[in-house]
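Listing of entry38.csv, CSV, C-alpha atoms
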chain,number,residue,atom,x,y,z
A,16,MET,CA,5.1,14.2,-3.6
A,17,ASP,CA,5.4,11.0,-5.6
A,18,ALA,CA,2.2,9.1,-6.6
A,19,ILE,CA,3.6,5.7,-7.2
A,20,GLY,CA,1.6,3.3,-9.5
A,21,CYS,CA,-0.5,6.3,-10.6
A,22,GLY,CA,-2.2,4.4,-13.4
A,23,ASN,CA,-4.7,6.5,-15.3
A,24,SER,CA,-6.1,8.1,-12.2
A,25,SER,CA,-6.7,11.9,-12.1
A,26,LEU,CA,-5.5,12.0,-8.4
A,27,GLY,CA,-2.3,13.8,-9.3
A,28,ASN,CA,-4.3,16.5,-11.2
A,29,ASP,CA,-6.7,16.7,-8.2
A,30,LEU,CA,-3.8,17.2,-5.8
A,31,SER,CA,-2.3,19.8,-8.0
A,32,ALA,CA,-5.7,21.6,-8.3
A,33,ASN,CA,-5.9,21.7,-4.5
A,34,GLY,CA,-2.6,23.5,-4.1
A,35,TYR,CA,0.1,20.8,-4.1
A,36,THR,CA,2.9,22.4,-6.0
A,37,TYR,CA,5.1,19.4,-6.9
A,38,VAL,CA,3.3,16.2,-7.8
A,39,LEU,CA,5.3,13.5,-9.6
A,40,ASN,CA,3.3,10.7,-11.0
A,41,SER,CA,5.1,7.4,-11.7
A,42,ASP,CA,4.0,4.1,-13.2
A,43,TYR,CA,5.9,1.2,-14.9
A,44,SER,CA,3.9,1.6,-18.2
A,45,ASP,CA,5.6,3.9,-20.6
A,46,VAL,CA,2.5,3.9,-22.9
A,47,LEU,CA,0.3,4.9,-19.9
A,48,ILE,CA,2.7,7.7,-18.8
A,49,GLY,CA,2.8,9.0,-22.4
A,50,LYS,CA,-1.0,9.2,-22.6
A,51,MET,CA,-1.3,10.8,-19.1
A,52,ASN,CA,1.4,13.3,-20.0
A,53,GLN,CA,-0.7,14.4,-23.0
A,54,GLU,CA,-3.9,14.6,-20.9
A,55,TYR,CA,-2.2,16.5,-18.0
A,56,PRO,CA,0.8,18.2,-19.4
A,57,ASN,CA,1.0,20.5,-16.4
A,58,LEU,CA,2.1,17.6,-14.2
A,59,LYS,CA,5.4,15.7,-14.0
A,60,TRP,CA,5.3,12.1,-15.2
A,61,VAL,CA,8.0,9.4,-15.0
A,62,VAL,CA,8.2,5.7,-16.0
A,63,ALA,CA,9.4,3.9,-12.8
A,64,ASP,CA,9.0,0.3,-11.6
A,65,ILE,CA,7.9,0.1,-8.0
A,66,ASN,CA,10.0,-3.1,-7.7
A,67,LYS,CA,13.2,-1.1,-8.6
A,68,LEU,CA,12.6,2.4,-7.0
A,69,GLU,CA,16.3,2.7,-6.2
A,70,GLU,CA,17.1,2.8,-9.9
A,71,PHE,CA,14.8,5.8,-10.4
A,72,PHE,CA,14.9,7.9,-7.3
A,73,SER,CA,17.6,9.2,-5.0
A,74,PHE,CA,18.0,8.5,-1.3
A,75,GLU,CA,15.6,10.7,0.8
A,76,SER,CA,14.1,12.6,-2.2
A,77,PHE,CA,10.4,12.8,-1.3
A,78,ASP,CA,8.4,14.4,1.5
A,79,VAL,CA,5.3,12.4,0.7
A,80,ILE,CA,4.9,9.1,-1.2
A,81,LEU,CA,1.3,8.1,-2.0
A,82,GLU,CA,-0.1,4.9,-3.3
A,83,LYS,CA,-3.7,4.2,-4.0
A,84,ALA,CA,-4.3,0.4,-4.3
A,85,THR,CA,-1.0,-0.2,-6.1
A,86,LEU,CA,0.2,-2.5,-3.4
A,87,ASP,CA,-3.3,-4.2,-3.3
A,88,SER,CA,-2.7,-5.4,-6.8
A,89,PHE,CA,0.2,-7.5,-5.7
A,90,PHE,CA,-2.1,-9.5,-3.4
A,91,VAL,CA,-4.7,-10.4,-6.0
A,92,LYS,CA,-3.6,-14.0,-6.5
A,93,GLU,CA,-3.3,-14.7,-2.8
A,94,LYS,CA,-5.8,-17.4,-1.7
A,95,ASP,CA,-5.6,-16.9,2.0
A,96,PRO,CA,-5.1,-13.4,3.5
A,97,TRP,CA,-4.3,-14.9,6.9
A,98,HIS,CA,-1.3,-16.8,5.5
A,99,TYR,CA,0.4,-15.0,2.6
A,100,ASN,CA,2.8,-16.7,0.3
A,101,SER,CA,6.4,-16.1,1.4
A,102,GLU,CA,7.2,-14.7,-2.1
A,103,ILE,CA,4.7,-11.9,-1.7
A,104,LEU,CA,6.0,-11.0,1.7
A,105,ILE,CA,9.6,-10.8,0.4
A,106,LYS,CA,8.4,-8.6,-2.4
A,107,MET,CA,6.4,-6.3,0.0
A,108,ASN,CA,9.5,-6.0,2.3
A,109,ARG,CA,11.7,-5.0,-0.7
A,110,ILE,CA,9.2,-2.5,-2.0
A,111,LEU,CA,8.5,-0.9,1.4
A,112,SER,CA,12.2,-0.8,2.2
A,113,GLN,CA,12.7,1.1,-1.0
A,114,ILE,CA,9.9,3.5,-0.2
A,115,SER,CA,11.4,4.1,3.2
A,116,ARG,CA,14.8,4.7,1.5
A,117,ILE,CA,13.5,7.5,-0.8
A,118,LEU,CA,11.4,9.1,1.9
A,119,VAL,CA,13.0,12.0,3.9
A,120,LYS,CA,13.1,11.8,7.7
A,121,GLY,CA,9.7,13.1,8.9
A,122,GLY,CA,8.2,12.3,5.5
A,123,LYS,CA,5.0,10.4,5.1
A,124,PHE,CA,4.1,7.2,3.2
A,125,ILE,CA,0.4,7.2,2.6
A,126,SER,CA,-1.4,4.1,1.4
A,127,LEU,CA,-5.1,4.1,0.4
A,128,SER,CA,-6.6,0.6,0.5
A,129,PHE,CA,-9.7,-1.5,0.9
A,130,THR,CA,-7.5,-4.0,2.8
A,131,GLN,CA,-8.4,-4.1,6.5
A,132,PRO,CA,-5.8,-3.1,9.2
A,133,HIS,CA,-5.4,-6.5,10.7
A,134,PHE,CA,-4.0,-7.6,7.3
A,135,ARG,CA,-1.9,-4.5,6.6
A,136,LYS,CA,-0.4,-3.9,10.1
A,137,PRO,CA,1.9,-7.0,10.0
A,138,ILE,CA,3.2,-5.9,6.6
A,139,TYR,CA,3.6,-2.1,7.1
A,140,ALA,CA,4.5,-1.9,10.8
A,141,LYS,CA,8.0,-3.3,10.9
A,142,PRO,CA,11.0,-1.7,12.7
A,143,GLU,CA,13.3,-2.1,9.7
A,144,PHE,CA,11.2,0.5,7.7
A,145,ASN,CA,12.0,3.1,10.4
A,146,TRP,CA,8.5,4.6,10.5
A,147,SER,CA,5.4,4.7,12.6
A,148,PHE,CA,2.1,3.1,11.7
A,149,ASN,CA,-1.3,4.8,11.9
A,150,TYR,CA,-4.6,4.5,10.0
A,151,SER,CA,-8.1,6.0,9.7
A,152,THR,CA,-11.2,4.3,8.4
A,153,TYR,CA,-13.6,6.0,5.9
A,154,GLY,CA,-16.9,5.1,4.5
A,155,ASP,CA,-20.3,4.3,5.9
A,156,TYR,CA,-21.1,0.8,4.5
A,157,PHE,CA,-18.1,-0.1,2.4
A,158,HIS,CA,-14.9,0.9,4.2
A,159,TYR,CA,-11.6,2.0,2.9
A,160,PHE,CA,-8.5,2.6,4.9
A,161,PHE,CA,-6.0,5.5,5.0
A,162,TYR,CA,-2.6,4.3,6.3
A,163,VAL,CA,0.0,6.8,7.2
A,164,MET,CA,3.6,5.9,8.1
A,165,THR,CA,5.9,8.7,9.2
A,166,LYS,CA,9.6,8.0,8.7
A,167,GLY,CA,11.7,8.5,11.8
A,168,GLU,CA,8.8,8.0,14.3
A,169,SER,CA,8.8,4.9,16.5
A,170,LEU,CA,6.4,2.0,16.3
A,171,ASP,CA,4.4,1.3,19.4
A,172,SER,CA,5.0,-2.1,21.0
A,173,ALA,CA,1.6,-3.4,19.8
A,174,CYS,CA,2.7,-2.8,16.2
A,175,ILE,CA,6.1,-4.4,16.7
A,176,ASN,CA,4.4,-7.5,18.1
A,177,ALA,CA,1.9,-7.6,15.2
A,178,SER,CA,4.7,-7.5,12.7
A,179,ILE,CA,6.2,-10.8,13.9
A,180,SER,CA,4.0,-13.0,11.8
A,181,ILE,CA,0.7,-12.7,10.1
A,182,SER,CA,-0.1,-16.4,10.7
A,183,HIS,CA,-0.6,-15.7,14.4
A,184,PHE,CA,-4.1,-14.4,13.9
A,185,VAL,CA,-6.2,-17.4,13.0
A,186,GLU,CA,-6.1,-20.7,11.4
A,187,PRO,CA,-7.4,-20.8,7.8
A,188,LEU,CA,-10.7,-22.6,7.1
A,189,SER,CA,-10.6,-25.8,5.2
A,190,GLU,CA,-12.5,-25.8,1.9
A,191,ASP,CA,-15.4,-27.8,3.6
A,192,GLU,CA,-15.7,-25.1,6.3
A,193,GLU,CA,-15.8,-22.1,3.9
A,194,ASP,CA,-19.5,-22.6,3.2
A,195,PHE,CA,-20.4,-22.3,6.9
A,196,ILE,CA,-22.8,-19.4,6.1
A,197,PHE,CA,-25.2,-21.8,4.3
A,198,SER,CA,-25.3,-24.0,7.5
A,199,ILE,CA,-26.8,-21.2,9.6
A,200,GLN,CA,-30.3,-22.0,10.7
A,201,CYS,CA,-32.7,-19.0,10.9
A,202,PRO,CA,-35.8,-19.1,13.1
This structure in structure tokens:
Amino acid sequence: MDAIGCGNSSLGNDLSANGYTYVLNSDYSDVLIGKMNQEYPNLKWVVADINKLEEFFSFESFDVILEKATLDSFFVKEKDPWHYNSEILIKMNRILSQISRILVKGGKFISLSFTQPHFRKPIYAKPEFNWSFNYSTYGDYFHYFFYVMTKGESLDSACINASISISHFVEPLSEDEEDFIFSIQCP
């Protein structure tokens, strides 16, 4: 298992404590990886840039690849989640293609995110990644989403149609319309 963009999370240690025998933690920061290696010397740590996974990992080398909000961080500067900047979409395609490349057939890419499925489905559910798309929702009041893509499984037709363009969902609000909540009249 590779935990990409592990940051300073204890997730790798938690997985190891729960019986996972091989957990590789990767992040682009050599300083962070050095500190985490000192804190959890029983785990494997490697400096690897998610934008250049092919430089660090061999073709079909992982059964499971896990990311926890790493991909969310790329969307922080986006102003409109209904119409992403083409640069971010190109970057996501490149990253997800590399994740698919290093994942074995039947392997799982797991993404934990606060981003709702109608925003992630068009990005994750693409035929070129050669994986299925499924998700579960967790939380009672503040939801997070557990996305699972299995390499070598087919996308259903609804996923394929959703991946065509994220801009098909809704037109963005103008700046004047964004404060519509203040216009609601309560009895």
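By all atoms listed in the file, and with residues fewer than 4 positions from Ile19 of chain A along its chain excluded, the set lying at most 10 Å from it is Leu39, Asn40, Ser41, Asp42, Tyr43, Val61, Val62, Ala63, Asp64, Ile65, Leu68, Ile80, Leu81, Glu82, Lys83, Ala84, Thr85, Leu86 and Ile114 of chain A.
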Q: Just give me the gap between atom CA of Ser101 of chain A and atom CA of Lys120 of chain A in Å, one decimal is fine.
A: 29.4 Å
Q) For Ser128 of chain A, which residue among A:Asn66, A:Thr152, A:Ser44, A:Asn57 is the nearest when counting only C-alpha atoms? A) A:Thr152
Q) From the set A:Arg135, A:His98, A:Lys67, A:Lys59, which residue has the shortest atom-to-atom contact distance to Thr36 of chain A, counting all atoms listed in the file? A)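 Result for the nearest residue to Thr36 of chain A: A:Lys59.
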**Q.** Gap from atom CA of Ser172 of chain A to atom CA of Lys136 of chain A - Å, one decimal
**A.** 12.3 Å
Q) So, counting all atoms listed in the file, which residue among A:Met107, A:Val163, A:Leu30, A:Ile117 is closest to Ile138 of chain A? A) A:Met107
Q) To one decimal place, how far is atom CA of Met51 of chain A from atom CA of Ser31 of chain A in Å? A) 14.3 Å
Proximity of segment 35-128 of chain A to segment 140-151 of chain A: per-residue shortest pair, 10 Å limit, all atoms listed in the file, as a Markdown table:
| residue | atom | partner | partner_atom | distance |
| --- | --- | --- | --- | --- |
| A:Asn108 | CA | A:Phe144 | CA | 8.6 |
| A:Leu111 | CA | A:Phe144 | CA | 7.0 |
| A:Ser112 | CA | A:Phe144 | CA | 5.7 |
| A:Gln113 | CA | A:Phe144 | CA | 8.8 |
| A:Ile114 | CA | A:Phe144 | CA | 8.5 |
| A:Ser115 | CA | A:Phe144 | CA | 5.8 |
| A:Arg116 | CA | A:Phe144 | CA | 8.3 |
| A:Lys120 | CA | A:Trp146 | CA | 9.0 |
| A:Gly121 | CA | A:Trp146 | CA | 8.7 |
| A:Gly122 | CA | A:Trp146 | CA | 9.2 |
| A:Lys123 | CA | A:Trp146 | CA | 8.7 |
| A:Phe124 | CA | A:Trp146 | CA | 8.9 |
| A:Ile125 | CA | A:Tyr150 | CA | 9.3 |
| A:Ser126 | CA | A:Tyr150 | CA | 9.2 |
| A:Leu127 | CA | A:Tyr150 | CA | 9.6 |
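For the choices A:His133, A:Val119, A:Gln53, A:Asp17, the atom-to-atom distance to Phe71 of chain A is smallest for A:Asp17 when using all atoms listed in the file.
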Q: Rank nothing, just name the residue among A:Asp171, A:Tyr37, A:Asn23, A:Lys94 nearest to Val79 of chain A, using only C-alpha atoms.
A: A:Tyr37
Q. Of the residues A:Trp60, A:Tyr162, A:Phe89, A:Phe129, which is the one nearest to Leu47 of chain A, using only C-alpha atoms?
A.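 Of the candidates, the smallest distance to Leu47 of chain A is held by A:Trp60.
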